[in-house]
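**Q** Structure: input34.cif, mmCIF, C-alpha atoms.
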data_final
loop_
_atom_site.group_PDB
_atom_site.id
_atom_site.type_symbol
_atom_site.label_atom_id
_atom_site.label_comp_id
_atom_site.auth_asym_id
_atom_site.auth_seq_id
_atom_site.Cartn_x
_atom_site.Cartn_y
_atom_site.Cartn_z
ATOM 1 C CA MET A 2 -3.296 11.625 11.708
ATOM 2 C CA GLU A 3 -2.554 10.105 8.303
ATOM 3 C CA LYS A 4 -5.428 8.158 6.756
ATOM 4 C CA THR A 5 -4.827 4.432 7.087
ATOM 5 C CA VAL A 6 -6.427 1.439 5.389
ATOM 6 C CA ILE A 7 -6.395 -1.776 7.382
ATOM 7 C CA ILE A 8 -7.223 -4.900 5.418
ATOM 8 C CA ILE A 9 -8.564 -7.128 8.170
ATOM 9 C CA ASN A 10 -9.082 -10.864 8.047
ATOM 10 C CA GLY A 11 -9.726 -13.807 10.312
ATOM 11 C CA LYS A 12 -11.911 -16.860 10.488
ATOM 12 C CA GLY A 13 -15.610 -16.487 11.218
ATOM 13 C CA GLY A 14 -16.139 -15.718 14.898
ATOM 14 C CA ALA A 15 -12.649 -14.272 15.485
ATOM 15 C CA GLY A 16 -14.123 -10.917 16.560
ATOM 16 C CA LYS A 17 -13.263 -8.735 13.562
ATOM 17 C CA ASP A 18 -16.455 -6.665 13.675
ATOM 18 C CA THR A 19 -16.228 -6.254 17.455
ATOM 19 C CA LEU A 20 -12.685 -4.909 17.095
ATOM 20 C CA CYS A 21 -13.772 -2.538 14.315
ATOM 21 C CA ASP A 22 -16.587 -1.293 16.579
ATOM 22 C CA ILE A 23 -14.053 -0.712 19.354
ATOM 23 C CA ALA A 24 -11.835 1.288 16.989
ATOM 24 C CA ALA A 25 -14.866 3.382 15.970
ATOM 25 C CA LYS A 26 -15.186 4.577 19.570
ATOM 26 C CA HIS A 27 -11.732 6.168 19.283
ATOM 27 C CA TYR A 28 -11.346 7.099 15.612
ATOM 28 C CA LYS A 29 -13.490 8.088 12.653
ATOM 29 C CA VAL A 30 -13.895 4.702 10.959
ATOM 30 C CA ARG A 31 -15.250 3.320 7.700
ATOM 31 C CA ASN A 32 -15.858 -0.437 7.926
ATOM 32 C CA VAL A 33 -16.501 -2.250 4.619
ATOM 33 C CA SER A 34 -16.402 -5.786 3.286
ATOM 34 C CA ALA A 35 -15.682 -7.279 -0.116
ATOM 35 C CA ILE A 36 -18.643 -9.620 0.382
ATOM 36 C CA THR A 37 -21.219 -6.801 0.740
ATOM 37 C CA PRO A 38 -22.279 -6.567 -2.924
ATOM 38 C CA ILE A 39 -22.373 -10.373 -3.099
ATOM 39 C CA LYS A 40 -24.647 -10.548 -0.044
ATOM 40 C CA GLU A 41 -26.976 -7.979 -1.606
ATOM 41 C CA ILE A 42 -27.300 -10.119 -4.750
ATOM 42 C CA ALA A 43 -27.762 -13.307 -2.698
ATOM 43 C CA LYS A 44 -30.529 -11.706 -0.574
ATOM 44 C CA LYS A 45 -32.464 -10.818 -3.717
ATOM 45 C CA HIS A 46 -32.379 -14.476 -4.710
ATOM 46 C CA GLY A 47 -33.293 -16.361 -1.539
ATOM 47 C CA TRP A 48 -30.394 -16.154 0.916
ATOM 48 C CA ASN A 49 -31.775 -15.116 4.316
ATOM 49 C CA GLY A 50 -28.563 -14.007 6.021
ATOM 50 C CA GLU A 51 -27.608 -17.346 7.556
ATOM 51 C CA LYS A 52 -23.980 -17.818 8.612
ATOM 52 C CA ASP A 53 -23.883 -21.615 8.545
ATOM 53 C CA SER A 54 -21.375 -23.689 6.553
ATOM 54 C CA LYS A 55 -23.707 -24.097 3.554
ATOM 55 C CA SER A 56 -24.355 -20.342 3.327
ATOM 56 C CA ARG A 57 -20.692 -19.454 3.771
ATOM 57 C CA LYS A 58 -19.746 -21.795 0.920
ATOM 58 C CA PHE A 59 -22.539 -20.362 -1.253
ATOM 59 C CA LEU A 60 -21.314 -16.788 -0.702
ATOM 60 C CA SER A 61 -17.691 -17.809 -1.244
ATOM 61 C CA ASP A 62 -18.552 -19.547 -4.527
ATOM 62 C CA LEU A 63 -20.726 -16.643 -5.699
ATOM 63 C CA LYS A 64 -17.959 -14.171 -4.882
ATOM 64 C CA LYS A 65 -15.496 -16.214 -6.917
ATOM 65 C CA VAL A 66 -17.857 -16.128 -9.915
ATOM 66 C CA PHE A 67 -18.152 -12.330 -9.704
ATOM 67 C CA ILE A 68 -14.392 -11.915 -9.300
ATOM 68 C CA GLU A 69 -13.880 -13.858 -12.507
ATOM 69 C CA TYR A 70 -16.748 -12.178 -14.365
ATOM 70 C CA ASN A 71 -16.361 -8.467 -13.603
ATOM 71 C CA ASP A 72 -14.273 -8.078 -10.419
ATOM 72 C CA LEU A 73 -17.326 -6.737 -8.563
ATOM 73 C CA PRO A 74 -15.858 -7.055 -5.038
ATOM 74 C CA THR A 75 -12.726 -5.025 -5.844
ATOM 75 C CA GLN A 76 -14.681 -2.422 -7.811
ATOM 76 C CA TYR A 77 -16.986 -1.979 -4.806
ATOM 77 C CA LEU A 78 -14.012 -1.622 -2.442
ATOM 78 C CA LEU A 79 -12.305 0.941 -4.670
ATOM 79 C CA GLU A 80 -15.511 3.022 -4.687
ATOM 80 C CA GLN A 81 -15.570 2.831 -0.896
ATOM 81 C CA TYR A 82 -11.883 3.791 -0.781
ATOM 82 C CA GLU A 83 -12.511 6.904 -2.920
ATOM 83 C CA GLN A 84 -15.337 7.937 -0.568
ATOM 84 C CA PHE A 85 -13.039 7.333 2.407
ATOM 85 C CA MET A 86 -10.335 9.532 0.902
ATOM 86 C CA GLN A 87 -12.847 12.374 0.422
ATOM 87 C CA SER A 88 -14.214 12.038 3.972
ATOM 88 C CA GLU A 89 -13.116 13.057 7.449
ATOM 89 C CA GLU A 90 -12.642 9.397 8.360
ATOM 90 C CA GLN A 91 -9.240 8.341 9.663
ATOM 91 C CA LEU A 92 -9.301 4.544 9.429
ATOM 92 C CA MET A 93 -10.826 2.282 6.832
ATOM 93 C CA PHE A 94 -11.213 -1.378 7.759
ATOM 94 C CA VAL A 95 -11.607 -3.587 4.694
ATOM 95 C CA HIS A 96 -12.679 -7.191 5.214
ATOM 96 C CA ILE A 97 -11.231 -9.486 2.541
ATOM 97 C CA ARG A 98 -10.731 -13.238 2.846
ATOM 98 C CA GLU A 99 -8.679 -14.312 -0.172
ATOM 99 C CA GLY A 100 -4.954 -13.542 -0.379
ATOM 100 C CA SER A 101 -5.027 -12.700 -4.086
ATOM 101 C CA GLU A 102 -7.881 -10.251 -3.468
ATOM 102 C CA ILE A 103 -5.991 -8.680 -0.551
ATOM 103 C CA ASP A 104 -2.982 -8.124 -2.814
ATOM 104 C CA LYS A 105 -5.155 -6.690 -5.577
ATOM 105 C CA LEU A 106 -6.617 -4.019 -3.294
ATOM 106 C CA LYS A 107 -3.356 -3.321 -1.490
ATOM 107 C CA HIS A 108 -1.634 -2.562 -4.795
ATOM 108 C CA SER A 109 -4.550 -0.439 -6.061
ATOM 109 C CA ILE A 110 -4.592 2.164 -3.303
ATOM 110 C CA LYS A 111 -2.177 4.979 -2.658
ATOM 111 C CA THR A 112 -2.481 5.611 1.052
ATOM 112 C CA LYS A 113 -0.908 3.884 4.040
ATOM 113 C CA CYS A 114 -2.167 0.286 4.111
ATOM 114 C CA ARG A 115 -1.587 -2.611 6.507
ATOM 115 C CA THR A 116 -2.880 -6.184 6.465
ATOM 116 C CA LEU A 117 -4.079 -7.585 9.779
ATOM 117 C CA LEU A 118 -5.055 -11.114 10.787
ATOM 118 C CA ILE A 119 -7.278 -11.516 13.832
ATOM 119 C CA ARG A 120 -6.718 -14.851 15.540
ATOM 120 C CA ARG A 121 -8.752 -16.546 18.240
ATOM 121 C CA ALA A 122 -8.122 -19.984 19.726
ATOM 122 C CA GLY A 123 -10.547 -22.752 18.862
ATOM 123 C CA GLN A 124 -11.660 -21.479 15.452
ATOM 124 C CA GLU A 125 -13.514 -24.090 13.456
ATOM 125 C CA SER A 126 -13.290 -25.034 9.811
ATOM 126 C CA TRP A 127 -16.166 -23.793 7.630
ATOM 127 C CA GLY A 128 -15.636 -26.006 4.566
ATOM 128 C CA ASN A 129 -14.738 -23.327 2.029
ATOM 129 C CA ALA A 130 -11.438 -21.882 0.890
ATOM 130 C CA SER A 131 -12.383 -18.271 1.645
ATOM 131 C CA ASP A 132 -12.770 -18.996 5.371
ATOM 132 C CA ASP A 133 -10.429 -21.911 5.845
ATOM 133 C CA GLU A 134 -7.322 -20.503 4.132
ATOM 134 C CA VAL A 135 -7.143 -17.090 5.842
ATOM 135 C CA GLU A 136 -3.981 -17.986 7.774
ATOM 136 C CA GLN A 137 -2.046 -18.895 4.620
ATOM 137 C CA TYR A 138 -1.411 -15.234 3.723
ATOM 138 C CA GLY A 139 1.630 -13.294 4.991
ATOM 139 C CA TYR A 140 0.057 -10.419 6.939
ATOM 140 C CA ASP A 141 1.831 -7.294 8.113
ATOM 141 C CA LEU A 142 0.261 -7.559 11.567
ATOM 142 C CA TYR A 143 -1.342 -10.196 13.801
ATOM 143 C CA TYR A 144 -3.680 -9.655 16.744
ATOM 144 C CA ASP A 145 -4.605 -12.474 19.105
ATOM 145 C CA ASN A 146 -8.135 -11.735 20.278
ATOM 146 C CA ASP A 147 -7.850 -13.798 23.447
ATOM 147 C CA LYS A 148 -8.581 -11.385 26.272
ATOM 148 C CA PRO A 149 -11.884 -10.939 28.110
ATOM 149 C CA LEU A 150 -14.048 -8.335 26.360
ATOM 150 C CA GLU A 151 -13.609 -5.811 29.188
ATOM 151 C CA GLU A 152 -9.816 -5.871 28.617
ATOM 152 C CA THR A 153 -9.922 -6.018 24.832
ATOM 153 C CA GLU A 154 -10.773 -2.369 24.176
ATOM 154 C CA ASN A 155 -7.639 -0.894 25.765
ATOM 155 C CA ASP A 156 -5.443 -3.670 24.409
ATOM 156 C CA PHE A 157 -6.673 -3.324 20.816
ATOM 157 C CA ILE A 158 -6.448 0.486 20.842
ATOM 158 C CA GLU A 159 -2.866 0.285 22.143
ATOM 159 C CA PHE A 160 -2.139 -2.229 19.374
ATOM 160 C CA LEU A 161 -3.620 0.098 16.704
ATOM 161 C CA ASN A 162 -1.660 3.054 18.039
ATOM 162 C CA THR A 163 1.618 1.233 17.390
ATOM 163 C CA PHE A 164 1.194 1.469 13.604
ATOM 164 C CA ILE A 165 -1.274 4.230 12.702
#
Written as structure tokens, that's how I'd like the structure from this file.
**A**
Amino acid sequence: MEKTVIIINGKGGAGKDTLCDIAAKHYKVRNVSAITPIKEIAKKHGWNGEKDSKSRKFLSDLKKVFIEYNDLPTQYLLEQYEQFMQSEEQLMFVHIREGSEIDKLKHSIKTKCRTLLIRRAGQESWGNASDDEVEQYGYDLYYDNDKPLEETENDFIEFLNTFI
């Protein structure tokens, strides 16, 4: 199987991590997020891991500052990509919210890459551009995460198999 990078996105609560966990039952998976280095910095300075609107906006704003200052999120993802390419892993899921950041990574890697939006009915607004504008990007693939959990595993694996 050819190594594949899947840039995955969706509003908070859409089930992205659950779907990545499902994929990891069937493939060797690396699951990374552009927000990881930002969260590590935020934790050192008082953020306690909350996922409320105020915290989401804080992380979104802090990420924007680091993108402008030294492109920390993309540098982190490229390091993870290099490790992925040297590993036995087959799929790399990369969580990125902003369209310009998705494009930046997509054009920086040399292996098969697809963008994927996870949708779920009833998603709320979080009050920050990173979360609220995820559907404004033109993704390669869309997955509606609307089935009961017991049906989702087979459905999502069949979906993945159509393009990897």
**Q** Pick from A:Ser54, A:Gln91, A:Asn49, A:Thr5: nearest to A:Ala25, with all atoms listed in the file counted?
**A**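 Result for the nearest residue to A:Ala25: A:Gln91.
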**Q** Hey, what comes out of the PyMOL selection byres ((chain A and resi 32-45) around 6) on this file? Could you write it as a PDB file with C-alpha atoms, in the frame of the given file?
**A**
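The result, written out as selection-v9.pdb:
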ATOM      1  CA  ARG A  31     -15.250   3.320   7.700  1.00  0.00           C
ATOM      2  CA  HIS A  46     -32.379 -14.476  -4.710  1.00  0.00           C
ATOM      3  CA  GLY A  47     -33.293 -16.361  -1.539  1.00  0.00           C
ATOM      4  CA  TRP A  48     -30.394 -16.154   0.916  1.00  0.00           C
ATOM      5  CA  PRO A  74     -15.858  -7.055  -5.038  1.00  0.00           C
ATOM      6  CA  MET A  93     -10.826   2.282   6.832  1.00  0.00           C
ATOM      7  CA  PHE A  94     -11.213  -1.378   7.759  1.00  0.00           C
ATOM      8  CA  VAL A  95     -11.607  -3.587   4.694  1.00  0.00           C
ATOM      9  CA  HIS A  96     -12.679  -7.191   5.214  1.00  0.00           C
ATOM     10  CA  ILE A  97     -11.231  -9.486   2.541  1.00  0.00           C
TER      11      ILE A  97
END
**Q** Show me, as a PyMOL selection string, the residues that have an atom within 9 Å of A:Glu99 when counting only C-alpha atoms, minus same-chain residues fewer than 5 positions from it.
**A** chain A and resi 10+104+130-132+134-135+138
**Q** Just write the chosen residues, C-alpha atoms, as a tab-separated table (two decimals), in the coordinates of the input.
**A**
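Result written to out-v1.tsv:
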chain	number	residue	atom	x	y	z
A	10	ASN	CA	-9.08	-10.86	8.05
A	104	ASP	CA	-2.98	-8.12	-2.81
A	130	ALA	CA	-11.44	-21.88	0.89
A	131	SER	CA	-12.38	-18.27	1.64
A	132	ASP	CA	-12.77	-19.00	5.37
A	134	GLU	CA	-7.32	-20.50	4.13
A	135	VAL	CA	-7.14	-17.09	5.84
A	138	TYR	CA	-1.41	-15.23	3.72
**Q** Which is closest to A:Asp145 among A:Lys4, A:Ser56, A:Ala15, A:Lys111, if we use all atoms listed in the file?
**A** A:Ala15
**Q** Here is a test: counting all atoms listed in the file, which residue of A:Leu20, A:Ile165, A:Leu106, A:Val6 is nearest to A:Tyr144?
**A**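 Smallest separation from A:Tyr144 among the options: A:Leu20.
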**Q** Looking at A:Met2, A:Leu92, A:Ile119, A:Leu79, which one is nearest to A:Lys26, with distances taken over all atoms listed in the file?
**A**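 Between A:Met2, A:Leu92, A:Ile119, A:Leu79, the residue approaching A:Lys26 most closely is A:Leu92.
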**Q** Quick one: residues within 9 Å of stretch 151-156 of chain A, all atoms listed in the file counted, chain neighbours fewer than 5 positions away excluded, as a PyMOL selection string?
**A** chain A and resi 20+23-24+146+161
**Q** Given all atoms listed in the file as the basis, pick out the residue of A:Ser61, A:Gly128, A:Ala122, A:Lys52 nearest to A:Lys148.
**A**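 Nearest to A:Lys148: A:Ala122.
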**Q** Determine the nearest neighbour of A:Asp53 from the options A:Val66, A:Gly13, A:Asp22, A:His108, counting all atoms listed in the file.
**A**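 Of A:Val66, A:Gly13, A:Asp22, A:His108, the one nearest A:Asp53, counting all atoms listed in the file, is A:Gly13.
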**Q** Quick one: pull the distance between atom CA of A:Arg120 and atom CA of A:Asp133, Å, one decimal.
**A**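 Going from atom CA of A:Arg120 over to atom CA of A:Asp133 covers 12.6 Å.
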**Q** Compute the distance from (-12.3, 11.7, 1.6) to each atom, counting all atoms listed in the file, keep the residues with any atom at most 12 Å away, and return them as a ChimeraX atom specification; use the coordinates of the file.
**A** /A:3-5,29-31,80-93,112
**Q** Kindly provide, as AutoDock Vina command-line options, the centre and edge lengths (Å, one decimal) of an axis-aligned box around all atoms of stretch 5-17 of chain A given in the file, with 4 Å on each side.
**A**
--center_x -10.5 --center_y -6.2 --center_z 11.0 --size_x 19.3 --size_y 29.3 --size_z 19.2
